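Q: Below is the file coords22.cif, with mmCIF, C-alpha atoms and all ligand atoms.
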```
data_final
#
loop_
_atom_site.group_PDB
_atom_site.id
_atom_site.type_symbol
_atom_site.label_atom_id
_atom_site.label_comp_id
_atom_site.auth_asym_id
_atom_site.auth_seq_id
_atom_site.Cartn_x
_atom_site.Cartn_y
_atom_site.Cartn_z
ATOM 1 C CA MET M 1414 153.241 -6.537 -98.986
ATOM 2 C CA GLN M 1415 153.971 -7.303 -102.588
ATOM 3 C CA TRP M 1416 151.562 -5.776 -105.116
ATOM 4 C CA HIS M 1417 150.333 -7.929 -107.974
ATOM 5 C CA PRO M 1418 148.923 -6.244 -111.044
ATOM 6 C CA PRO M 1419 145.450 -7.514 -111.990
ATOM 7 C CA LEU M 1420 145.678 -10.573 -114.195
ATOM 8 C CA PRO M 1421 145.122 -9.645 -117.840
ATOM 9 C CA MET M 1422 141.671 -10.832 -118.857
ATOM 10 C CA LYS M 1423 141.635 -13.543 -121.496
ATOM 11 C CA LYS M 1424 140.717 -11.985 -124.825
ATOM 12 C CA ILE M 1425 137.777 -13.311 -126.769
ATOM 13 C CA THR M 1426 136.318 -12.939 -130.261
ATOM 14 C CA ILE M 1427 132.995 -11.166 -130.607
ATOM 15 C CA ALA M 1428 130.872 -11.733 -133.721
ATOM 16 C CA ILE M 1429 127.985 -9.341 -134.387
ATOM 17 C CA ASP M 1430 125.761 -10.284 -137.305
ATOM 18 C CA GLY M 1431 122.368 -9.108 -138.371
ATOM 19 C CA PHE M 1432 120.123 -7.277 -140.761
ATOM 20 C CA SER M 1433 121.167 -4.019 -142.411
ATOM 21 C CA SER M 1434 120.419 -0.708 -140.658
ATOM 22 C CA CYS M 1435 120.152 -2.342 -137.233
ATOM 23 C CA GLY M 1436 122.915 -0.180 -135.816
ATOM 24 C CA LYS M 1437 125.372 -3.112 -135.798
ATOM 25 C CA SER M 1438 128.439 -1.023 -136.641
ATOM 26 C CA THR M 1439 127.674 1.630 -134.059
ATOM 27 C CA MET M 1440 127.217 -0.965 -131.336
ATOM 28 C CA ALA M 1441 130.259 -2.993 -132.425
ATOM 29 C CA LYS M 1442 132.462 0.130 -132.527
ATOM 30 C CA GLU M 1443 131.303 1.283 -129.114
ATOM 31 C CA LEU M 1444 131.708 -2.132 -127.537
ATOM 32 C CA ALA M 1445 135.231 -2.502 -128.980
ATOM 33 C CA HIS M 1446 136.138 0.952 -127.699
ATOM 34 C CA SER M 1447 134.824 0.345 -124.197
ATOM 35 C CA VAL M 1448 136.540 -3.031 -123.742
ATOM 36 C CA GLY M 1449 139.759 -2.053 -125.563
ATOM 37 C CA TYR M 1450 139.300 -4.431 -128.502
ATOM 38 C CA ILE M 1451 139.940 -3.925 -132.218
ATOM 39 C CA TYR M 1452 136.867 -3.274 -134.340
ATOM 40 C CA ILE M 1453 136.582 -4.629 -137.882
ATOM 41 C CA ASP M 1454 133.715 -3.703 -140.189
ATOM 42 C CA SER M 1455 133.604 -6.656 -142.596
ATOM 43 C CA GLY M 1456 131.015 -4.909 -144.785
ATOM 44 C CA ALA M 1457 133.623 -2.206 -145.468
ATOM 45 C CA MET M 1458 135.812 -4.881 -147.077
ATOM 46 C CA TYR M 1459 133.058 -5.917 -149.522
ATOM 47 C CA ARG M 1460 132.469 -2.232 -150.190
ATOM 48 C CA ALA M 1461 136.186 -1.713 -150.917
ATOM 49 C CA VAL M 1462 136.166 -4.576 -153.438
ATOM 50 C CA THR M 1463 133.069 -3.051 -155.039
ATOM 51 C CA LEU M 1464 134.785 0.332 -155.285
ATOM 52 C CA TYR M 1465 137.724 -1.364 -156.981
ATOM 53 C CA CYS M 1466 135.347 -3.011 -159.464
ATOM 54 C CA ILE M 1467 133.721 0.341 -160.281
ATOM 55 C CA GLU M 1468 136.987 2.260 -160.624
ATOM 56 C CA SER M 1469 138.777 -0.411 -162.647
ATOM 57 C CA GLY M 1470 135.898 -0.973 -165.064
ATOM 58 C CA ILE M 1471 135.312 -4.558 -163.852
ATOM 59 C CA LEU M 1472 131.767 -3.459 -163.057
ATOM 60 C CA GLN M 1473 130.032 -1.761 -165.960
ATOM 61 C CA GLY M 1474 126.361 -1.036 -165.524
ATOM 62 C CA GLU M 1475 124.882 -4.270 -164.218
ATOM 63 C CA THR M 1476 127.642 -6.431 -165.690
ATOM 64 C CA VAL M 1477 130.555 -7.773 -163.669
ATOM 65 C CA ASN M 1478 133.617 -9.074 -165.496
ATOM 66 C CA THR M 1479 133.912 -12.034 -163.117
ATOM 67 C CA GLU M 1480 136.858 -13.599 -164.926
ATOM 68 C CA ARG M 1481 138.917 -10.444 -164.516
ATOM 69 C CA LEU M 1482 137.869 -10.026 -160.890
ATOM 70 C CA ARG M 1483 138.738 -13.660 -160.183
ATOM 71 C CA ARG M 1484 142.239 -12.993 -161.574
ATOM 72 C CA GLU M 1485 142.707 -9.715 -159.709
ATOM 73 C CA ILE M 1486 141.077 -10.403 -156.329
ATOM 74 C CA GLY M 1487 144.309 -11.889 -154.946
ATOM 75 C CA THR M 1488 146.205 -8.674 -155.698
ATOM 76 C CA LEU M 1489 143.809 -6.429 -153.745
ATOM 77 C CA ARG M 1490 145.141 -5.196 -150.431
ATOM 78 C CA VAL M 1491 142.229 -4.344 -148.160
ATOM 79 C CA CYS M 1492 143.264 -3.348 -144.651
ATOM 80 C CA PHE M 1493 142.339 -1.111 -141.732
ATOM 81 C CA HIS M 1494 144.284 1.745 -140.150
ATOM 82 C CA PHE M 1495 143.319 3.561 -136.980
ATOM 83 C CA ASN M 1496 142.018 7.078 -137.619
ATOM 84 C CA PRO M 1497 143.153 9.303 -134.714
ATOM 85 C CA THR M 1498 140.392 11.843 -135.419
ATOM 86 C CA THR M 1499 137.435 9.444 -135.359
ATOM 87 C CA HIS M 1500 139.173 6.916 -133.058
ATOM 88 C CA HIS M 1501 137.969 4.130 -135.336
ATOM 89 C CA PRO M 1502 139.700 2.146 -138.086
ATOM 90 C CA ASP M 1503 139.359 3.373 -141.671
ATOM 91 C CA VAL M 1504 139.432 0.970 -144.589
ATOM 92 C CA TRP M 1505 142.317 1.257 -147.066
ATOM 93 C CA LEU M 1506 142.442 -0.230 -150.547
ATOM 94 C CA ASN M 1507 145.837 -0.741 -152.199
ATOM 95 C CA GLY M 1508 147.477 1.871 -149.980
ATOM 96 C CA ILE M 1509 144.718 4.508 -150.251
ATOM 97 C CA ASN M 1510 142.213 5.515 -147.582
ATOM 98 C CA VAL M 1511 138.796 4.826 -149.162
ATOM 99 C CA GLU M 1512 136.647 5.148 -146.027
ATOM 100 C CA GLU M 1513 134.567 7.981 -147.494
ATOM 101 C CA LYS M 1514 134.355 6.662 -151.025
ATOM 102 C CA ILE M 1515 132.930 3.299 -149.972
ATOM 103 C CA ARG M 1516 129.919 4.958 -148.287
ATOM 104 C CA THR M 1517 128.498 6.529 -151.465
ATOM 105 C CA MET M 1518 125.149 5.418 -152.918
ATOM 106 C CA ASP M 1519 126.963 4.157 -156.002
ATOM 107 C CA VAL M 1520 128.862 1.605 -153.904
ATOM 108 C CA SER M 1521 125.917 0.868 -151.565
ATOM 109 C CA SER M 1522 123.610 -0.005 -154.412
ATOM 110 C CA ARG M 1523 126.097 -2.390 -156.083
ATOM 111 C CA VAL M 1524 127.850 -4.097 -153.197
ATOM 112 C CA SER M 1525 125.279 -6.926 -152.767
ATOM 113 C CA GLN M 1526 126.100 -8.165 -156.274
ATOM 114 C CA ILE M 1527 129.849 -8.312 -155.562
ATOM 115 C CA ALA M 1528 129.398 -9.708 -152.032
ATOM 116 C CA ALA M 1529 127.433 -12.625 -153.496
ATOM 117 C CA LEU M 1530 130.400 -13.923 -155.561
ATOM 118 C CA ASP M 1531 131.868 -17.065 -153.980
ATOM 119 C CA PHE M 1532 135.517 -16.281 -154.778
ATOM 120 C CA VAL M 1533 135.174 -12.737 -153.413
ATOM 121 C CA ARG M 1534 133.739 -14.135 -150.176
ATOM 122 C CA ALA M 1535 136.489 -16.766 -149.935
ATOM 123 C CA ALA M 1536 139.182 -14.074 -150.287
ATOM 124 C CA MET M 1537 137.574 -11.745 -147.727
ATOM 125 C CA VAL M 1538 136.831 -14.523 -145.232
ATOM 126 C CA ALA M 1539 140.494 -15.625 -145.376
ATOM 127 C CA GLN M 1540 141.629 -12.048 -144.635
ATOM 128 C CA GLN M 1541 139.080 -11.675 -141.826
ATOM 129 C CA GLN M 1542 140.202 -14.920 -140.217
ATOM 130 C CA ALA M 1543 143.832 -13.772 -140.402
ATOM 131 C CA MET M 1544 142.884 -10.506 -138.644
ATOM 132 C CA GLY M 1545 141.176 -12.450 -135.856
ATOM 133 C CA GLN M 1546 144.043 -14.772 -134.985
ATOM 134 C CA GLU M 1547 145.049 -12.753 -131.931
ATOM 135 C CA LYS M 1548 141.464 -12.461 -130.617
ATOM 136 C CA GLY M 1549 140.531 -9.246 -128.765
ATOM 137 C CA LEU M 1550 138.377 -8.339 -131.735
ATOM 138 C CA VAL M 1551 134.804 -7.301 -132.471
ATOM 139 C CA MET M 1552 133.757 -7.954 -136.079
ATOM 140 C CA ASP M 1553 130.372 -7.151 -137.523
ATOM 141 C CA GLY M 1554 128.801 -8.460 -140.721
ATOM 142 C CA ARG M 1555 126.453 -11.148 -141.961
ATOM 143 C CA ASP M 1556 128.411 -14.415 -141.697
ATOM 144 C CA ILE M 1557 130.848 -13.725 -138.878
ATOM 145 C CA GLY M 1558 129.338 -16.105 -136.318
ATOM 146 C CA THR M 1559 128.502 -18.765 -138.900
ATOM 147 C CA ILE M 1560 131.453 -18.843 -141.340
ATOM 148 C CA VAL M 1561 134.280 -16.495 -140.334
ATOM 149 C CA PHE M 1562 134.517 -17.237 -136.606
ATOM 150 C CA PRO M 1563 132.293 -20.246 -135.864
ATOM 151 C CA ASP M 1564 134.181 -20.612 -132.545
ATOM 152 C CA ALA M 1565 133.683 -17.007 -131.400
ATOM 153 C CA GLU M 1566 133.061 -16.936 -127.649
ATOM 154 C CA LEU M 1567 130.340 -14.282 -127.954
ATOM 155 C CA LYS M 1568 127.943 -14.176 -130.893
ATOM 156 C CA ILE M 1569 125.167 -11.662 -131.201
ATOM 157 C CA PHE M 1570 122.498 -11.605 -133.881
ATOM 158 C CA VAL M 1571 120.809 -8.226 -134.208
ATOM 159 C CA THR M 1572 117.392 -7.554 -135.592
ATOM 160 C CA ALA M 1573 114.600 -4.961 -135.516
ATOM 161 C CA THR M 1574 111.437 -4.606 -137.558
ATOM 162 C CA PRO M 1575 111.959 -3.370 -141.145
ATOM 163 C CA GLU M 1576 109.787 -0.321 -140.362
ATOM 164 C CA VAL M 1577 111.939 0.734 -137.415
ATOM 165 C CA ARG M 1578 115.148 0.213 -139.394
ATOM 166 C CA ALA M 1579 113.754 2.201 -142.334
ATOM 167 C CA ARG M 1580 112.698 4.986 -139.948
ATOM 168 C CA ARG M 1581 116.198 5.179 -138.451
ATOM 169 C CA ARG M 1582 117.755 5.329 -141.900
ATOM 170 C CA TYR M 1583 115.230 7.931 -143.038
ATOM 171 C CA ASP M 1584 116.001 10.123 -140.002
ATOM 172 C CA GLU M 1585 119.745 9.733 -140.573
ATOM 173 C CA LEU M 1586 119.544 10.724 -144.253
ATOM 174 C CA THR M 1587 117.127 13.610 -143.761
ATOM 175 C CA ALA M 1588 119.365 14.920 -140.951
ATOM 176 C CA LYS M 1589 122.140 15.034 -143.576
ATOM 177 C CA GLY M 1590 119.824 17.109 -145.770
ATOM 178 C CA GLN M 1591 119.087 14.354 -148.314
ATOM 179 C CA ALA M 1592 115.591 14.337 -149.823
ATOM 180 C CA VAL M 1593 114.438 10.717 -149.497
ATOM 181 C CA SER M 1594 111.142 8.893 -149.439
ATOM 182 C CA PHE M 1595 110.316 6.677 -146.462
ATOM 183 C CA ASP M 1596 108.529 4.147 -148.675
ATOM 184 C CA GLU M 1597 111.537 3.833 -150.965
ATOM 185 C CA ILE M 1598 113.835 3.276 -148.004
ATOM 186 C CA LEU M 1599 111.494 0.656 -146.556
ATOM 187 C CA ALA M 1600 111.410 -1.158 -149.898
ATOM 188 C CA ASN M 1601 115.217 -1.029 -150.060
ATOM 189 C CA VAL M 1602 115.568 -2.405 -146.504
ATOM 190 C CA LYS M 1603 113.256 -5.320 -147.357
ATOM 191 C CA GLU M 1604 115.055 -6.010 -150.626
ATOM 192 C CA ARG M 1605 118.467 -6.078 -148.916
ATOM 193 C CA ASP M 1606 117.098 -8.428 -146.228
ATOM 194 C CA TYR M 1607 115.938 -10.783 -148.955
ATOM 195 C CA ILE M 1608 119.257 -10.697 -150.864
ATOM 196 C CA ASP M 1609 121.315 -11.165 -147.680
ATOM 197 C CA GLN M 1610 119.225 -14.134 -146.536
ATOM 198 C CA HIS M 1611 118.943 -15.903 -149.863
ATOM 199 C CA ARG M 1612 122.528 -15.655 -151.112
ATOM 200 C CA ALA M 1613 123.975 -19.087 -151.983
ATOM 201 C CA VAL M 1614 127.281 -18.479 -150.178
ATOM 202 C CA GLY M 1615 127.482 -17.148 -146.590
ATOM 203 C CA PRO M 1616 123.806 -16.139 -146.310
ATOM 204 C CA LEU M 1617 122.654 -14.107 -143.339
ATOM 205 C CA ARG M 1618 121.350 -16.425 -140.646
ATOM 206 C CA GLN M 1619 121.533 -16.661 -136.892
ATOM 207 C CA ALA M 1620 124.185 -19.104 -135.668
ATOM 208 C CA ALA M 1621 122.702 -21.754 -133.370
ATOM 209 C CA ASP M 1622 124.768 -20.414 -130.451
ATOM 210 C CA ALA M 1623 124.179 -16.700 -131.129
ATOM 211 C CA ILE M 1624 122.152 -14.567 -128.732
ATOM 212 C CA LEU M 1625 119.308 -12.689 -130.353
ATOM 213 C CA LEU M 1626 119.145 -8.941 -129.784
ATOM 214 C CA ASP M 1627 115.927 -7.388 -131.039
ATOM 215 C CA ASN M 1628 116.520 -3.687 -130.558
ATOM 216 C CA THR M 1629 113.171 -2.490 -131.939
ATOM 217 C CA LEU M 1630 112.143 -1.122 -128.547
ATOM 218 C CA LEU M 1631 115.540 -0.544 -126.931
ATOM 219 C CA SER M 1632 117.133 2.840 -126.322
ATOM 220 C CA VAL M 1633 120.817 3.273 -127.219
ATOM 221 C CA ASP M 1634 121.660 3.263 -123.533
ATOM 222 C CA GLN M 1635 119.695 0.085 -122.754
ATOM 223 C CA GLN M 1636 121.434 -1.628 -125.647
ATOM 224 C CA ARG M 1637 124.853 -0.476 -124.427
ATOM 225 C CA GLN M 1638 124.195 -1.916 -120.970
ATOM 226 C CA TRP M 1639 122.905 -5.164 -122.417
ATOM 227 C CA LEU M 1640 126.065 -5.597 -124.530
ATOM 228 C CA ILE M 1641 128.439 -4.920 -121.659
ATOM 229 C CA ALA M 1642 126.494 -7.407 -119.520
ATOM 230 C CA GLN M 1643 126.897 -10.068 -122.232
ATOM 231 C CA PHE M 1644 130.602 -9.318 -122.523
ATOM 232 C CA LYS M 1645 131.082 -9.608 -118.746
ATOM 233 C CA ARG M 1646 129.047 -12.794 -118.575
ATOM 234 C CA VAL M 1647 131.301 -14.484 -121.143
ATOM 235 C CA THR M 1648 134.657 -13.089 -120.007
ATOM 236 C CA ASP M 1649 133.949 -13.812 -116.314
ATOM 237 C CA THR M 1650 133.557 -17.476 -117.092
ATOM 238 C CA GLU M 1651 136.443 -17.730 -119.586
HETATM 239 O O1 LIG M 1701 127.130 -3.808 -143.439
HETATM 240 P P1 LIG M 1701 127.198 -3.102 -144.791
HETATM 241 O O2 LIG M 1701 125.899 -2.518 -145.269
HETATM 242 O O3 LIG M 1701 128.315 -2.108 -144.869
HETATM 243 O O4 LIG M 1701 127.559 -4.275 -145.820
HETATM 244 C C1 LIG M 1701 127.783 -4.008 -147.161
HETATM 245 C C2 LIG M 1701 127.381 -5.199 -147.996
HETATM 246 O O5 LIG M 1701 128.242 -6.299 -147.780
HETATM 247 C C3 LIG M 1701 125.961 -5.711 -147.815
HETATM 248 O O6 LIG M 1701 125.437 -5.971 -149.111
HETATM 249 C C4 LIG M 1701 126.110 -7.017 -147.077
HETATM 250 C C5 LIG M 1701 127.489 -7.456 -147.450
HETATM 251 N N1 LIG M 1701 128.196 -8.145 -146.380
HETATM 252 C C6 LIG M 1701 128.339 -9.497 -146.487
HETATM 253 O O7 LIG M 1701 127.847 -10.092 -147.436
HETATM 254 N N2 LIG M 1701 129.031 -10.175 -145.542
HETATM 255 C C7 LIG M 1701 129.556 -9.542 -144.506
HETATM 256 N N3 LIG M 1701 130.248 -10.227 -143.589
HETATM 257 C C8 LIG M 1701 129.409 -8.137 -144.372
HETATM 258 C C9 LIG M 1701 128.702 -7.470 -145.332
#
```
Using the file provided, produce a representation of the structure as structure tokens.
Ligand code: DC
A:
Amino acid sequence: MQWHPPLPMKKITIAIDGFSSCGKSTMAKELAHSVGYIYIDSGAMYRAVTLYCIESGILQGETVNTERLRREIGTLRVCFHFNPTTHHPDVWLNGINVEEKIRTMDVSSRVSQIAALDFVRAAMVAQQQAMGQEKGLVMDGRDIGTIVFPDAELKIFVTATPEVRARRRYDELTAKGQAVSFDEILANVKERDYIDQHRAVGPLRQAADAILLDNTLLSVDQQRQWLIAQFKRVTDTE
């Protein structure tokens, strides 16, 4: 009897949006890994642009030289390369691996300002859409299901209470030995929620066809099972 290999499953696009410190990247990375998809952290791209602004002097104190950034944004090469040690893609800026540098407090505290600029968003969205042409991709961010991939087959919008998100962040930072105050972290979480939701361009909001995942009371394992079930539900009917 002739053997037929299983038919390759049709690849889809998965958009994961939501509030900061909801564990979006961890879940997106894991999901991509378990279904053999590419993972793209869109926030890392805004962080890379912010790093460029800091290092090039475009950002000085609170002031952004928007005219210069507008001229230079088209020359920035932001891309991802697979890291064989972590098994996840690292972000590269103009040929240099900047994965570690973009996670510093200096970048974290200034990225919202850069991510709010319309021409920065237009440039990043165009690059994100180009990366998604082949499908088979999980991308996480704030505007993936609404602006970047409005036709994504699976859209998930993640939330949890600010207190739970602040607690997770507090535990993460104290485990790294950083002396932080819970109240300060909670205030920062709430401030970032406000900025993300009230930005004029690409604000954070749930797409009408996105499924809400409130992970306040879910364990990591419950969440993992829930995600795989959603993936199977969509791919089985594709
Ligand atoms: O997910 P993150 O914390 O690494 O995101 C960094 C910043 O970029 C944060 O201020 C939100 C912003 N961002 C955005 O505006 N749009 C996206 N698609 C992803 C992130």
Q: Set the cut-off to 7 Å, count all atoms listed in the file, and list whatever residues fall near ligand LIG 1701 (chain M) as an NGL selection string.
A: :M and (1433 or 1455-1457 or 1459-1460 or 1521 or 1524-1525 or 1528-1529 or 1553-1557 or 1605 or 1609)
Q: The PyMOL selection byres (((chain M and resi 1430) around 10) and not hetatm) - which residues does that actually catch in the file I just gave you? List them as a list in words.
A: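 Matching residues under the PyMOL selection byres (((chain M and resi 1430) around 10) and not hetatm) are Ile1427, Ala1428, Ile1429, Gly1431, Phe1432, Ser1433, Cys1435, Lys1437, Ser1438, Ala1441, Met1552, Asp1553, Gly1554, Arg1555, Asp1556, Ile1557, Gly1558, Thr1559, Lys1568, Ile1569, Phe1570, Val1571, Thr1572, Leu1617, Arg1618, Gln1619, Ala1620, Ala1623 and Leu1625 of chain M.
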Q: Determine the residue set returned by the PyMOL selection byres (((chain M and resi 1511) around 12) and not hetatm) for the present structure, and present it as JSON, numbers by chain.
A: {"M": [1457, 1458, 1460, 1461, 1462, 1463, 1464, 1465, 1468, 1490, 1491, 1492, 1493, 1494, 1502, 1503, 1504, 1505, 1506, 1507, 1508, 1509, 1510, 1512, 1513, 1514, 1515, 1516, 1517, 1520]}
Q: Residues at most 9 Å from Ile1425 (chain M), counting all atoms listed in the file, excluding those fewer than 3 positions away in the same chain, as an mmCIF file with C-alpha atoms, keeping the file's coordinate frame?
A:
```
data_model
loop_
_atom_site.group_PDB
_atom_site.id
_atom_site.type_symbol
_atom_site.label_atom_id
_atom_site.label_comp_id
_atom_site.auth_asym_id
_atom_site.auth_seq_id
_atom_site.Cartn_x
_atom_site.Cartn_y
_atom_site.Cartn_z
ATOM 1 C CA GLU M 1547 145.049 -12.753 -131.931
ATOM 2 C CA LYS M 1548 141.464 -12.461 -130.617
ATOM 3 C CA GLY M 1549 140.531 -9.246 -128.765
ATOM 4 C CA LEU M 1550 138.377 -8.339 -131.735
ATOM 5 C CA VAL M 1551 134.804 -7.301 -132.471
ATOM 6 C CA ALA M 1565 133.683 -17.007 -131.400
ATOM 7 C CA GLU M 1566 133.061 -16.936 -127.649
ATOM 8 C CA LEU M 1567 130.340 -14.282 -127.954
ATOM 9 C CA VAL M 1647 131.301 -14.484 -121.143
ATOM 10 C CA THR M 1648 134.657 -13.089 -120.007
ATOM 11 C CA GLU M 1651 136.443 -17.730 -119.586
#
```
Q: Any idea what the distance is between CA of Leu1599 (chain M) and CA of Asp1627 (chain M)?
A: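 Computed distance, CA of Leu1599 (chain M) to CA of Asp1627 (chain M), equals 18.0 Å.
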Q: Show me, as a PyMOL selection string, the residues that have an atom within 9 Å of Gln1636 (chain M) when counting all atoms listed in the file, minus same-chain residues fewer than 6 positions from it.
A: chain M and resi 1440+1626+1628
Q: Generate the output file for the selected residues, C-alpha atoms, as a PDB file, in the coordinates of the input.
A:
```pdb
ATOM      1  CA  MET M1440     127.217  -0.965-131.336  1.00  0.00           C
ATOM      2  CA  LEU M1626     119.145  -8.941-129.784  1.00  0.00           C
ATOM      3  CA  ASN M1628     116.520  -3.687-130.558  1.00  0.00           C
TER       4      ASN M1628
END
```
Q: Using all atoms listed in the file, pick whichever of M:Gln1526, M:Tyr1583, M:Met1518, M:Gln1473 has the shortest atom-to-atom distance to Ile1608 (chain M).
A: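 With all atoms listed in the file as the atom set, the closest residue is M:Gln1526.
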Q: Counting all atoms listed in the file, which residue out of M:Phe1532, M:Cys1466, M:Arg1483, M:Gly1545 sits closest to Asp1519 (chain M)?
A: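 Of all the options, M:Cys1466 lies closest to Asp1519 (chain M).
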